[in-house]
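For reference, the structure is listed below as structure tokens.
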Amino acid sequence: MRWKNPYPLPLKLREAIAAIVGNAAINRYPDPNPALLKEKICGMLGLPHGMEVMLGNGSDELIQLLALALNKTGSTLLSVEPSFVMYRMIAIFTGMRYVGVPLAADFSLDLAETLAAIEREQPALVFLAYPNNPTGNLFSAPDVKQIIEATPGLVVVDEAYYAFASDSFIPHLASYPNLLVMRTFSKLGMAGLRLGFLAGSKTWLEQLEKLRLPYNIGVLTQLVAGKLLDHHEVLLQQAEQIKLDRAELHKQLGEVPGVRVYTSEANFLLFRVANAMEVFAGLKQRGVLIKNLNGGHPMLKDCLRVTVGTPDENEQFMAALKESLCHG
């Protein structure tokens, strides 16, 4: 299951979207600079004065564009590990040198090691997922601020899971000239639209726009995303329900002997269990597919990750997990 939001849109909103799609001018190229959509995003964010947004085909395109923009001979992209794998992959694809700083044992930032790496490597680009993916935890905001202040290059705070988190760096954009905040609407229920954005100063975004490919946001994405943003409160209400479902699922997982579940401010829960490969296989046999992180990074040994579903889906997962732990 590759959904990020398990709840369907209200029928009236789906009907409104269907009407928009039915009348869409798909025989024409999309607006290369969808000003109205950008205005809606800026209004939703309440951006500080002087800040703007740049749109991307999901966050992956924006990560790649940033790497291309800041890459020159010897340039370094720095992040923490374990974190979103695309930071490292895109650094490799674009020819940047990649440095990953291990997190502390509890998946918090190892601030001393991170600051030492910044001093040593002088990175052109730093990515910090906030909350982190795949661990789900929200790093200490004062620690993140120290990293921004210490970095000679650009720091991108990746808030892909913003709708499920209790904090954001959007309000701090005006305080740090080397800070950009990146978000995607995928986790909020628009995964199929592939729409992400960077928020930050006009100075940065004007230069980055020079590398953006024309027509990167399609006609249907512009129209449907615009309509959904007109009803942003519906999506945020669903996110609030997912947060409630997450709390209940966290409680249930914590009551299972042999399972260690980690705190999350995303729409998923990371948990550790002995013989994770066998448990993963047992879940799959019982019709439940989650993410197997065992082997992805040394710190994720015996870790699995479950996306929060509806209460019925969560109940199905818990039943399958208990059976898998008992019977394999």
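Ligands are numbered from 1 in the order shown, residues from 1 within each chain, and chains are lettered A, B, ... in the order they appear in the structure tokens.
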Do you have, as a Markdown table, the list of residues of stretch 145-208 of chain A lying at most 12 Å from stretch 251-265 of chain A, each with its nearest atom pair and that distance in Å to one decimal, counting only C-alpha atoms and ordered by chain then number?
```
| residue | atom | partner | partner_atom | distance |
| --- | --- | --- | --- | --- |
| A:Glu159 | CA | A:Glu265 | CA | 10.9 |
| A:Ala160 | CA | A:Glu265 | CA | 11.2 |
| A:Tyr161 | CA | A:Glu265 | CA | 7.8 |
| A:Tyr162 | CA | A:Glu265 | CA | 8.6 |
| A:Ala163 | CA | A:Glu265 | CA | 9.1 |
| A:Phe164 | CA | A:Glu265 | CA | 5.7 |
| A:Ala165 | CA | A:Glu265 | CA | 4.8 |
| A:Ser166 | CA | A:Glu265 | CA | 7.2 |
| A:Asp167 | CA | A:Glu265 | CA | 9.4 |
| A:Ser168 | CA | A:Glu265 | CA | 11.6 |
```
Same residues, N, CA and C atoms, output as a tab-separated table (two decimals), in the first residue's frame:
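Once written, selection04.tsv looks like this:
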```
chain	number	residue	atom	x	y	z
A	159	GLU	N	10.48	19.41	5.64
A	159	GLU	CA	9.29	19.21	6.46
A	159	GLU	C	8.22	18.43	5.71
A	160	ALA	N	8.62	17.32	5.12
A	160	ALA	CA	7.68	16.51	4.34
A	160	ALA	C	6.47	16.07	5.17
A	161	TYR	N	6.68	15.86	6.47
A	161	TYR	CA	5.61	15.36	7.34
A	161	TYR	C	5.06	16.47	8.24
A	162	TYR	N	5.08	17.69	7.73
A	162	TYR	CA	4.71	18.85	8.55
A	162	TYR	C	3.31	18.74	9.15
A	163	ALA	N	2.39	18.13	8.43
A	163	ALA	CA	1.00	18.09	8.89
A	163	ALA	C	0.83	17.26	10.15
A	164	PHE	N	1.82	16.43	10.48
A	164	PHE	CA	1.71	15.53	11.63
A	164	PHE	C	2.65	15.94	12.76
A	165	ALA	N	3.37	17.05	12.57
A	165	ALA	CA	4.40	17.47	13.51
A	165	ALA	C	3.95	18.66	14.35
A	166	SER	N	4.66	18.90	15.44
A	166	SER	CA	4.29	19.96	16.38
A	166	SER	C	5.12	21.22	16.21
A	167	ASP	N	6.03	21.24	15.23
A	167	ASP	CA	6.89	22.40	15.06
A	167	ASP	C	7.26	22.56	13.60
A	168	SER	N	7.73	23.77	13.24
A	168	SER	CA	8.12	24.08	11.88
A	168	SER	C	9.18	25.18	11.90
```
Inset, instruction - Tell me which protein, DNA and RNA residues are within 7 Å of A:Ile217, counting only C-alpha atoms, leaving out same-chain ones fewer than 4 positions away, and put them as a list in words. - result: Gly56, Asn57, Thr221 and Gln222 of chain A
Put those residues in a file: all heavy atoms, as a short mmCIF file (atom, residue, chain, number, x, y, z; two decimals), in the first residue's frame.
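Okay, this is what ended up in selection.cif:
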```cif
data_model
loop_
_atom_site.label_atom_id
_atom_site.label_comp_id
_atom_site.auth_asym_id
_atom_site.auth_seq_id
_atom_site.Cartn_x
_atom_site.Cartn_y
_atom_site.Cartn_z
N GLY A 56 7.98 22.30 -7.19
CA GLY A 56 8.71 21.18 -7.77
C GLY A 56 7.81 19.98 -7.95
O GLY A 56 6.75 19.87 -7.33
N ASN A 57 8.25 19.07 -8.81
CA ASN A 57 7.55 17.81 -9.04
C ASN A 57 7.88 16.88 -7.87
O ASN A 57 8.79 16.05 -7.95
CB ASN A 57 8.00 17.22 -10.37
CG ASN A 57 7.18 16.01 -10.78
OD1 ASN A 57 6.63 15.32 -9.93
ND2 ASN A 57 7.09 15.76 -12.06
N THR A 221 -2.25 18.69 -12.04
CA THR A 221 -1.72 18.94 -10.70
C THR A 221 -2.03 20.37 -10.27
O THR A 221 -2.46 20.61 -9.13
CB THR A 221 -0.20 18.69 -10.67
OG1 THR A 221 0.05 17.31 -10.86
CG2 THR A 221 0.40 19.13 -9.34
N GLN A 222 -1.82 21.33 -11.15
CA GLN A 222 -2.11 22.73 -10.80
C GLN A 222 -3.57 22.93 -10.43
O GLN A 222 -3.90 23.57 -9.42
CB GLN A 222 -1.73 23.65 -11.97
CG GLN A 222 -0.23 23.74 -12.23
CD GLN A 222 0.10 24.76 -13.31
OE1 GLN A 222 -0.62 25.73 -13.51
NE2 GLN A 222 1.21 24.54 -14.00
#
```
Inset, instruction - Show which residues sit within 12 Å of A:Asp60, as a PyMOL selection string. Count only C-alpha atoms, and ignore same-chain residues fewer than 3 positions away. - result: chain A and resi 55-57+63-67+84-91+158+160+182-184+186+194-198
Legend entry - Selection: 8 Å around A:Val308, only C-alpha atoms, excl. self and same-chain fewer than 4 positions, as an NGL selection string: :A and (242 or 245-246 or 249 or 267-269 or 314)
Set the distance at 10 Å and use only C-alpha atoms: which residues neighbour A:Leu235 once local chain neighbours fewer than 5 positions away are removed? I'd like the list as a PDB file with all heavy atoms, in the first residue's frame.
```
ATOM      1  N   ASN A   5      -2.121   9.024   3.131  1.00  0.00           N
ATOM      2  CA  ASN A   5      -3.286   9.414   3.911  1.00  0.00           C
ATOM      3  C   ASN A   5      -4.365   8.392   3.602  1.00  0.00           C
ATOM      4  O   ASN A   5      -4.839   8.314   2.465  1.00  0.00           O
ATOM      5  CB  ASN A   5      -3.727  10.830   3.528  1.00  0.00           C
ATOM      6  CG  ASN A   5      -4.972  11.288   4.279  1.00  0.00           C
ATOM      7  OD1 ASN A   5      -5.687  10.485   4.874  1.00  0.00           O
ATOM      8  ND2 ASN A   5      -5.245  12.579   4.254  1.00  0.00           N
ATOM      9  N   TYR A   7      -7.464   8.197   4.422  1.00  0.00           N
ATOM     10  CA  TYR A   7      -8.850   8.649   4.421  1.00  0.00           C
ATOM     11  C   TYR A   7      -9.224   9.278   3.081  1.00  0.00           C
ATOM     12  O   TYR A   7      -8.491  10.116   2.554  1.00  0.00           O
ATOM     13  CB  TYR A   7      -9.079   9.654   5.556  1.00  0.00           C
ATOM     14  CG  TYR A   7      -8.975   9.019   6.925  1.00  0.00           C
ATOM     15  CD1 TYR A   7      -7.838   9.195   7.707  1.00  0.00           C
ATOM     16  CD2 TYR A   7     -10.001   8.212   7.412  1.00  0.00           C
ATOM     17  CE1 TYR A   7      -7.727   8.597   8.950  1.00  0.00           C
ATOM     18  CE2 TYR A   7      -9.904   7.606   8.655  1.00  0.00           C
ATOM     19  CZ  TYR A   7      -8.764   7.804   9.423  1.00  0.00           C
ATOM     20  OH  TYR A   7      -8.662   7.201  10.653  1.00  0.00           O
ATOM     21  N   PRO A   8     -10.385   8.897   2.522  1.00  0.00           N
ATOM     22  CA  PRO A   8     -10.816   9.490   1.238  1.00  0.00           C
ATOM     23  C   PRO A   8     -11.312  10.908   1.424  1.00  0.00           C
ATOM     24  O   PRO A   8     -11.698  11.312   2.521  1.00  0.00           O
ATOM     25  CB  PRO A   8     -11.961   8.563   0.802  1.00  0.00           C
ATOM     26  CG  PRO A   8     -12.519   8.031   2.089  1.00  0.00           C
ATOM     27  CD  PRO A   8     -11.343   7.879   3.022  1.00  0.00           C
ATOM     28  N   LEU A   9     -11.307  11.658   0.335  1.00  0.00           N
ATOM     29  CA  LEU A   9     -11.858  13.007   0.365  1.00  0.00           C
ATOM     30  C   LEU A   9     -13.381  12.952   0.469  1.00  0.00           C
ATOM     31  O   LEU A   9     -14.007  11.988   0.011  1.00  0.00           O
ATOM     32  CB  LEU A   9     -11.471  13.759  -0.904  1.00  0.00           C
ATOM     33  CG  LEU A   9      -9.980  14.066  -1.095  1.00  0.00           C
ATOM     34  CD1 LEU A   9      -9.745  14.599  -2.503  1.00  0.00           C
ATOM     35  CD2 LEU A   9      -9.497  15.052  -0.050  1.00  0.00           C
ATOM     36  N   ALA A 163       2.392  18.128   8.432  1.00  0.00           N
ATOM     37  CA  ALA A 163       0.996  18.091   8.892  1.00  0.00           C
ATOM     38  C   ALA A 163       0.827  17.257  10.154  1.00  0.00           C
ATOM     39  O   ALA A 163      -0.197  17.382  10.845  1.00  0.00           O
ATOM     40  CB  ALA A 163       0.101  17.533   7.787  1.00  0.00           C
ATOM     41  N   LEU A 188       0.053  14.538   2.856  1.00  0.00           N
ATOM     42  CA  LEU A 188      -1.225  15.109   3.270  1.00  0.00           C
ATOM     43  C   LEU A 188      -2.402  14.535   2.483  1.00  0.00           C
ATOM     44  O   LEU A 188      -3.555  14.820   2.784  1.00  0.00           O
ATOM     45  CB  LEU A 188      -1.176  16.631   3.094  1.00  0.00           C
ATOM     46  CG  LEU A 188      -2.234  17.479   3.791  1.00  0.00           C
ATOM     47  CD1 LEU A 188      -2.198  17.272   5.301  1.00  0.00           C
ATOM     48  CD2 LEU A 188      -2.030  18.947   3.467  1.00  0.00           C
ATOM     49  N   GLY A 189      -2.105  13.713   1.479  1.00  0.00           N
ATOM     50  CA  GLY A 189      -3.182  13.114   0.693  1.00  0.00           C
ATOM     51  C   GLY A 189      -3.110  13.437  -0.778  1.00  0.00           C
ATOM     52  O   GLY A 189      -4.057  13.161  -1.521  1.00  0.00           O
ATOM     53  N   MET A 190      -2.009  14.041  -1.236  1.00  0.00           N
ATOM     54  CA  MET A 190      -1.860  14.390  -2.652  1.00  0.00           C
ATOM     55  C   MET A 190      -0.667  13.663  -3.280  1.00  0.00           C
ATOM     56  O   MET A 190      -0.017  14.208  -4.183  1.00  0.00           O
ATOM     57  CB  MET A 190      -1.659  15.900  -2.826  1.00  0.00           C
ATOM     58  CG  MET A 190      -2.727  16.776  -2.235  1.00  0.00           C
ATOM     59  SD  MET A 190      -2.483  18.524  -2.737  1.00  0.00           S
ATOM     60  CE  MET A 190      -3.165  19.394  -1.346  1.00  0.00           C
ATOM     61  N   LEU A 228      -7.793  21.624  -3.829  1.00  0.00           N
ATOM     62  CA  LEU A 228      -7.572  21.019  -2.515  1.00  0.00           C
ATOM     63  C   LEU A 228      -7.074  22.048  -1.503  1.00  0.00           C
ATOM     64  O   LEU A 228      -7.450  22.004  -0.331  1.00  0.00           O
ATOM     65  CB  LEU A 228      -6.585  19.858  -2.631  1.00  0.00           C
ATOM     66  CG  LEU A 228      -7.134  18.588  -3.292  1.00  0.00           C
ATOM     67  CD1 LEU A 228      -6.026  17.590  -3.550  1.00  0.00           C
ATOM     68  CD2 LEU A 228      -8.222  17.954  -2.427  1.00  0.00           C
ATOM     69  N   LEU A 229      -6.245  22.968  -1.964  1.00  0.00           N
ATOM     70  CA  LEU A 229      -5.751  23.997  -1.048  1.00  0.00           C
ATOM     71  C   LEU A 229      -6.860  24.966  -0.647  1.00  0.00           C
ATOM     72  O   LEU A 229      -6.797  25.584   0.417  1.00  0.00           O
ATOM     73  CB  LEU A 229      -4.573  24.733  -1.664  1.00  0.00           C
ATOM     74  CG  LEU A 229      -3.285  23.909  -1.771  1.00  0.00           C
ATOM     75  CD1 LEU A 229      -2.181  24.711  -2.448  1.00  0.00           C
ATOM     76  CD2 LEU A 229      -2.826  23.443  -0.397  1.00  0.00           C
ATOM     77  N   GLU A 240      -5.202  15.448  11.630  1.00  0.00           N
ATOM     78  CA  GLU A 240      -5.453  15.391  13.073  1.00  0.00           C
ATOM     79  C   GLU A 240      -5.985  14.019  13.482  1.00  0.00           C
ATOM     80  O   GLU A 240      -5.620  13.486  14.536  1.00  0.00           O
ATOM     81  CB  GLU A 240      -6.433  16.491  13.489  1.00  0.00           C
ATOM     82  CG  GLU A 240      -5.849  17.883  13.465  1.00  0.00           C
ATOM     83  CD  GLU A 240      -4.662  18.035  14.404  1.00  0.00           C
ATOM     84  OE1 GLU A 240      -4.752  17.557  15.563  1.00  0.00           O
ATOM     85  OE2 GLU A 240      -3.634  18.616  13.989  1.00  0.00           O
ATOM     86  N   GLN A 241      -6.853  13.435  12.640  1.00  0.00           N
ATOM     87  CA  GLN A 241      -7.355  12.100  12.936  1.00  0.00           C
ATOM     88  C   GLN A 241      -6.225  11.078  12.881  1.00  0.00           C
ATOM     89  O   GLN A 241      -6.151  10.165  13.709  1.00  0.00           O
ATOM     90  CB  GLN A 241      -8.454  11.720  11.939  1.00  0.00           C
ATOM     91  CG  GLN A 241      -9.066  10.351  12.200  1.00  0.00           C
ATOM     92  CD  GLN A 241      -9.698  10.231  13.575  1.00  0.00           C
ATOM     93  OE1 GLN A 241     -10.518  11.070  13.956  1.00  0.00           O
ATOM     94  NE2 GLN A 241      -9.311   9.210  14.334  1.00  0.00           N
TER      95      GLN A 241
END
```
If we count only C-alpha atoms, what is near stretch 17-24 of chain A at a cut-off of 9 Å, once residues fewer than 4 positions away on the same chain are taken out, given as a compact mmCIF listing (two decimals) with all heavy atoms, in the first residue's frame?
```txt
# COMPACT_ATOMS: atom_id res chain seq x y z
N LYS A 12 -18.43 15.55 -1.95
CA LYS A 12 -18.63 16.82 -2.67
C LYS A 12 -17.33 17.37 -3.22
O LYS A 12 -17.29 17.93 -4.32
CB LYS A 12 -19.30 17.85 -1.75
CG LYS A 12 -20.78 17.58 -1.50
CD LYS A 12 -21.42 18.73 -0.73
CE LYS A 12 -22.92 18.50 -0.55
NZ LYS A 12 -23.57 19.60 0.20
N LEU A 13 -16.25 17.20 -2.46
CA LEU A 13 -14.96 17.69 -2.92
C LEU A 13 -14.46 16.83 -4.08
O LEU A 13 -13.90 17.35 -5.05
CB LEU A 13 -13.95 17.68 -1.77
CG LEU A 13 -12.57 18.26 -2.06
CD1 LEU A 13 -12.66 19.64 -2.70
CD2 LEU A 13 -11.75 18.33 -0.77
N VAL A 219 -0.80 20.36 -15.83
CA VAL A 219 -2.10 21.04 -15.80
C VAL A 219 -2.99 20.47 -14.69
O VAL A 219 -3.57 21.22 -13.90
CB VAL A 219 -2.81 20.90 -17.17
CG1 VAL A 219 -4.25 21.39 -17.08
CG2 VAL A 219 -2.06 21.68 -18.24
N LEU A 220 -3.12 19.15 -14.65
CA LEU A 220 -4.03 18.54 -13.68
C LEU A 220 -3.55 18.76 -12.25
O LEU A 220 -4.36 19.00 -11.35
CB LEU A 220 -4.19 17.05 -13.98
CG LEU A 220 -4.79 16.71 -15.34
CD1 LEU A 220 -4.96 15.19 -15.49
CD2 LEU A 220 -6.14 17.40 -15.54
N LEU A 223 -4.47 22.36 -11.23
CA LEU A 223 -5.90 22.55 -11.00
C LEU A 223 -6.38 21.84 -9.73
O LEU A 223 -7.08 22.42 -8.90
CB LEU A 223 -6.70 22.07 -12.21
CG LEU A 223 -6.55 22.90 -13.49
CD1 LEU A 223 -7.24 22.21 -14.65
CD2 LEU A 223 -7.13 24.31 -13.30
N VAL A 224 -6.00 20.57 -9.61
CA VAL A 224 -6.51 19.77 -8.48
C VAL A 224 -5.89 20.24 -7.18
O VAL A 224 -6.58 20.37 -6.16
CB VAL A 224 -6.24 18.27 -8.72
CG1 VAL A 224 -6.67 17.46 -7.50
CG2 VAL A 224 -6.98 17.79 -9.96
N LYS A 227 -7.60 23.39 -6.01
CA LYS A 227 -8.90 23.13 -5.39
C LYS A 227 -8.73 22.54 -3.99
O LYS A 227 -9.44 22.93 -3.05
CB LYS A 227 -9.70 22.18 -6.28
CG LYS A 227 -11.02 21.67 -5.67
CD LYS A 227 -11.97 22.79 -5.26
CE LYS A 227 -12.55 23.51 -6.44
NZ LYS A 227 -13.60 24.49 -6.03
N LEU A 228 -7.79 21.62 -3.83
CA LEU A 228 -7.57 21.02 -2.51
C LEU A 228 -7.07 22.05 -1.50
O LEU A 228 -7.45 22.00 -0.33
CB LEU A 228 -6.59 19.86 -2.63
CG LEU A 228 -7.13 18.59 -3.29
CD1 LEU A 228 -6.03 17.59 -3.55
CD2 LEU A 228 -8.22 17.95 -2.43
```
Inset, instruction - Choose the residue, out of A:Arg212, A:Ala129, A:His172, A:Ala319, that has the smallest atom-to-atom separation from A:Pro142; count only C-alpha atoms. - result: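 Among the listed residues, A:His172 lies closest to A:Pro142.
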Inset, instruction - Would you mind listing what lies within 10 Å of A:Ala141 as a VMD selection string, with only C-alpha atoms counted and same-chain residues fewer than 2 positions away left out? - result: chain A and resid 130 138 to 139 143 to 147 167 to 169
I need the residues from that last selection saved to file as a short mmCIF file (atom, residue, chain, number, x, y, z; two decimals), in the first residue's frame (with all heavy atoms), if you can.
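Result written to result00.cif:
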```
data_model
loop_
_atom_site.label_atom_id
_atom_site.label_comp_id
_atom_site.auth_asym_id
_atom_site.auth_seq_id
_atom_site.Cartn_x
_atom_site.Cartn_y
_atom_site.Cartn_z
N TYR A 130 12.73 17.01 9.11
CA TYR A 130 12.17 17.53 10.36
C TYR A 130 10.64 17.43 10.31
O TYR A 130 10.01 18.32 9.75
CB TYR A 130 12.63 18.99 10.50
CG TYR A 130 12.36 19.67 11.82
CD1 TYR A 130 13.19 19.45 12.91
CD2 TYR A 130 11.31 20.56 11.96
CE1 TYR A 130 12.97 20.11 14.11
CE2 TYR A 130 11.07 21.22 13.16
CZ TYR A 130 11.92 20.99 14.23
OH TYR A 130 11.71 21.64 15.42
N LEU A 138 11.32 14.27 15.99
CA LEU A 138 11.57 15.67 15.69
C LEU A 138 12.85 16.07 16.42
O LEU A 138 12.94 15.96 17.64
CB LEU A 138 10.39 16.52 16.16
CG LEU A 138 10.17 17.88 15.53
CD1 LEU A 138 9.85 17.76 14.04
CD2 LEU A 138 9.03 18.60 16.24
N PHE A 139 13.84 16.54 15.67
CA PHE A 139 15.10 16.94 16.29
C PHE A 139 14.89 18.17 17.18
O PHE A 139 13.94 18.94 17.00
CB PHE A 139 16.15 17.25 15.22
CG PHE A 139 16.52 16.09 14.35
CD1 PHE A 139 16.69 16.26 12.99
CD2 PHE A 139 16.72 14.83 14.89
CE1 PHE A 139 17.04 15.20 12.17
CE2 PHE A 139 17.06 13.76 14.09
CZ PHE A 139 17.22 13.94 12.72
N ASP A 143 19.14 22.74 18.56
CA ASP A 143 20.25 22.06 17.89
C ASP A 143 20.25 22.36 16.39
O ASP A 143 21.30 22.62 15.80
CB ASP A 143 20.17 20.54 18.11
CG ASP A 143 20.55 20.13 19.52
OD1 ASP A 143 20.92 21.01 20.33
OD2 ASP A 143 20.45 18.93 19.82
N VAL A 144 19.07 22.33 15.80
CA VAL A 144 18.97 22.63 14.37
C VAL A 144 19.41 24.07 14.10
O VAL A 144 20.13 24.34 13.12
CB VAL A 144 17.52 22.40 13.86
CG1 VAL A 144 17.39 22.86 12.40
CG2 VAL A 144 17.15 20.92 13.98
N LYS A 145 19.05 24.99 14.97
CA LYS A 145 19.46 26.38 14.80
C LYS A 145 20.98 26.52 14.86
O LYS A 145 21.58 27.28 14.09
CB LYS A 145 18.79 27.26 15.86
CG LYS A 145 17.29 27.42 15.66
CD LYS A 145 16.65 28.22 16.78
CE LYS A 145 15.15 28.33 16.60
NZ LYS A 145 14.51 29.06 17.72
N GLN A 146 21.62 25.77 15.76
CA GLN A 146 23.08 25.81 15.83
C GLN A 146 23.71 25.29 14.55
O GLN A 146 24.73 25.82 14.08
CB GLN A 146 23.58 24.99 17.02
CG GLN A 146 23.37 25.65 18.36
CD GLN A 146 24.20 24.98 19.45
OE1 GLN A 146 25.41 24.84 19.35
NE2 GLN A 146 23.51 24.54 20.50
N ILE A 147 23.10 24.28 13.97
CA ILE A 147 23.61 23.73 12.70
C ILE A 147 23.48 24.76 11.58
O ILE A 147 24.40 24.95 10.78
CB ILE A 147 22.87 22.43 12.37
CG1 ILE A 147 23.30 21.32 13.34
CG2 ILE A 147 23.12 22.00 10.93
CD1 ILE A 147 22.47 20.07 13.27
N ASP A 167 6.03 21.24 15.23
CA ASP A 167 6.89 22.40 15.06
C ASP A 167 7.26 22.56 13.60
O ASP A 167 7.14 21.62 12.80
CB ASP A 167 8.16 22.25 15.91
CG ASP A 167 8.94 23.55 16.03
OD1 ASP A 167 8.32 24.63 15.96
OD2 ASP A 167 10.17 23.49 16.18
N SER A 168 7.73 23.77 13.24
CA SER A 168 8.12 24.08 11.88
C SER A 168 9.18 25.18 11.90
O SER A 168 9.23 26.00 12.83
CB SER A 168 6.90 24.56 11.07
OG SER A 168 7.31 25.13 9.83
N PHE A 169 10.00 25.20 10.86
CA PHE A 169 11.00 26.26 10.73
C PHE A 169 10.55 27.36 9.77
O PHE A 169 11.31 28.30 9.51
CB PHE A 169 12.35 25.67 10.29
CG PHE A 169 13.24 25.36 11.46
CD1 PHE A 169 13.03 24.21 12.21
CD2 PHE A 169 14.25 26.22 11.84
CE1 PHE A 169 13.81 23.93 13.32
CE2 PHE A 169 15.04 25.96 12.94
CZ PHE A 169 14.83 24.81 13.69
#
```
Inset, instruction - Would you mind telling me which residue in A:Glu81, A:Glu119, A:Glu206, A:Glu15 lies nearest to A:Met54 when using only C-alpha atoms? - result: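 Answer, going by the shortest atom-to-atom distance: A:Glu206.
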Legend entry - Every residue of stretch 209-321 of chain A that DSSP places in strand (DSSP E or B), as a ChimeraX atom specification: /A:259-261,268-273,291-292,303-307
Residues from last step as file, N, CA, C and O atoms, as a tab-separated table (two decimals), in the first residue's frame:
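Okay, this is what ended up in result_35.tsv:
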```
chain	number	residue	atom	x	y	z
A	259	VAL	N	8.43	-5.81	21.68
A	259	VAL	CA	8.38	-4.74	20.69
A	259	VAL	C	8.80	-3.43	21.35
A	259	VAL	O	8.26	-3.06	22.40
A	260	ARG	N	9.75	-2.73	20.73
A	260	ARG	CA	10.12	-1.39	21.17
A	260	ARG	C	9.68	-0.40	20.10
A	260	ARG	O	10.16	-0.44	18.97
A	261	VAL	N	8.73	0.45	20.45
A	261	VAL	CA	8.21	1.42	19.49
A	261	VAL	C	8.76	2.80	19.83
A	261	VAL	O	8.88	3.17	21.00
A	268	PHE	N	3.84	7.66	10.54
A	268	PHE	CA	4.29	6.27	10.64
A	268	PHE	C	4.93	6.05	12.01
A	268	PHE	O	5.23	7.01	12.74
A	269	LEU	N	5.11	4.78	12.35
A	269	LEU	CA	5.78	4.41	13.60
A	269	LEU	C	6.92	3.44	13.28
A	269	LEU	O	6.72	2.45	12.57
A	270	LEU	N	8.07	3.73	13.81
A	270	LEU	CA	9.23	2.84	13.72
A	270	LEU	C	9.23	1.96	14.96
A	270	LEU	O	9.01	2.45	16.08
A	271	PHE	N	9.44	0.68	14.76
A	271	PHE	CA	9.54	-0.20	15.93
A	271	PHE	C	10.61	-1.26	15.68
A	271	PHE	O	10.94	-1.60	14.54
A	272	ARG	N	11.16	-1.74	16.80
A	272	ARG	CA	12.24	-2.74	16.75
A	272	ARG	C	11.74	-4.03	17.38
A	272	ARG	O	11.10	-4.01	18.43
A	273	VAL	N	12.06	-5.12	16.73
A	273	VAL	CA	11.61	-6.42	17.22
A	273	VAL	C	12.65	-7.46	16.83
A	273	VAL	O	13.29	-7.37	15.78
A	291	LYS	N	7.04	-1.54	5.92
A	291	LYS	CA	8.38	-1.27	5.40
A	291	LYS	C	9.42	-1.98	6.25
A	291	LYS	O	9.45	-1.82	7.48
A	292	ASN	N	10.27	-2.75	5.59
A	292	ASN	CA	11.36	-3.46	6.26
A	292	ASN	C	12.62	-2.61	6.18
A	292	ASN	O	13.18	-2.42	5.11
A	303	CYS	N	14.63	-3.24	12.65
A	303	CYS	CA	13.59	-2.22	12.67
A	303	CYS	C	12.61	-2.40	11.51
A	303	CYS	O	13.01	-2.70	10.38
A	304	LEU	N	11.35	-2.19	11.81
A	304	LEU	CA	10.28	-2.18	10.82
A	304	LEU	C	9.53	-0.86	10.98
A	304	LEU	O	9.60	-0.22	12.04
A	305	ARG	N	8.82	-0.45	9.93
A	305	ARG	CA	8.07	0.81	9.98
A	305	ARG	C	6.68	0.60	9.42
A	305	ARG	O	6.51	0.10	8.32
A	306	VAL	N	5.70	1.01	10.20
A	306	VAL	CA	4.32	0.85	9.76
A	306	VAL	C	3.70	2.24	9.57
A	306	VAL	O	3.83	3.12	10.42
A	307	THR	N	3.03	2.43	8.43
A	307	THR	CA	2.28	3.66	8.19
A	307	THR	C	0.95	3.57	8.91
A	307	THR	O	0.28	2.53	8.89
```
Inset, instruction - Could you please determine the separation between atom CA of A:Arg286 and atom CA of A:Gln316 in Å, to one decimal place? - result: 9.3 Å
Legend entry - Residue with smallest distance to A:Gly153 - pool A:Pro177, A:Gly46, A:Gly296, A:Pro82, counting only C-alpha atoms: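 Once distances to A:Gly153 are computed over only C-alpha atoms, the minimum belongs to A:Pro177.
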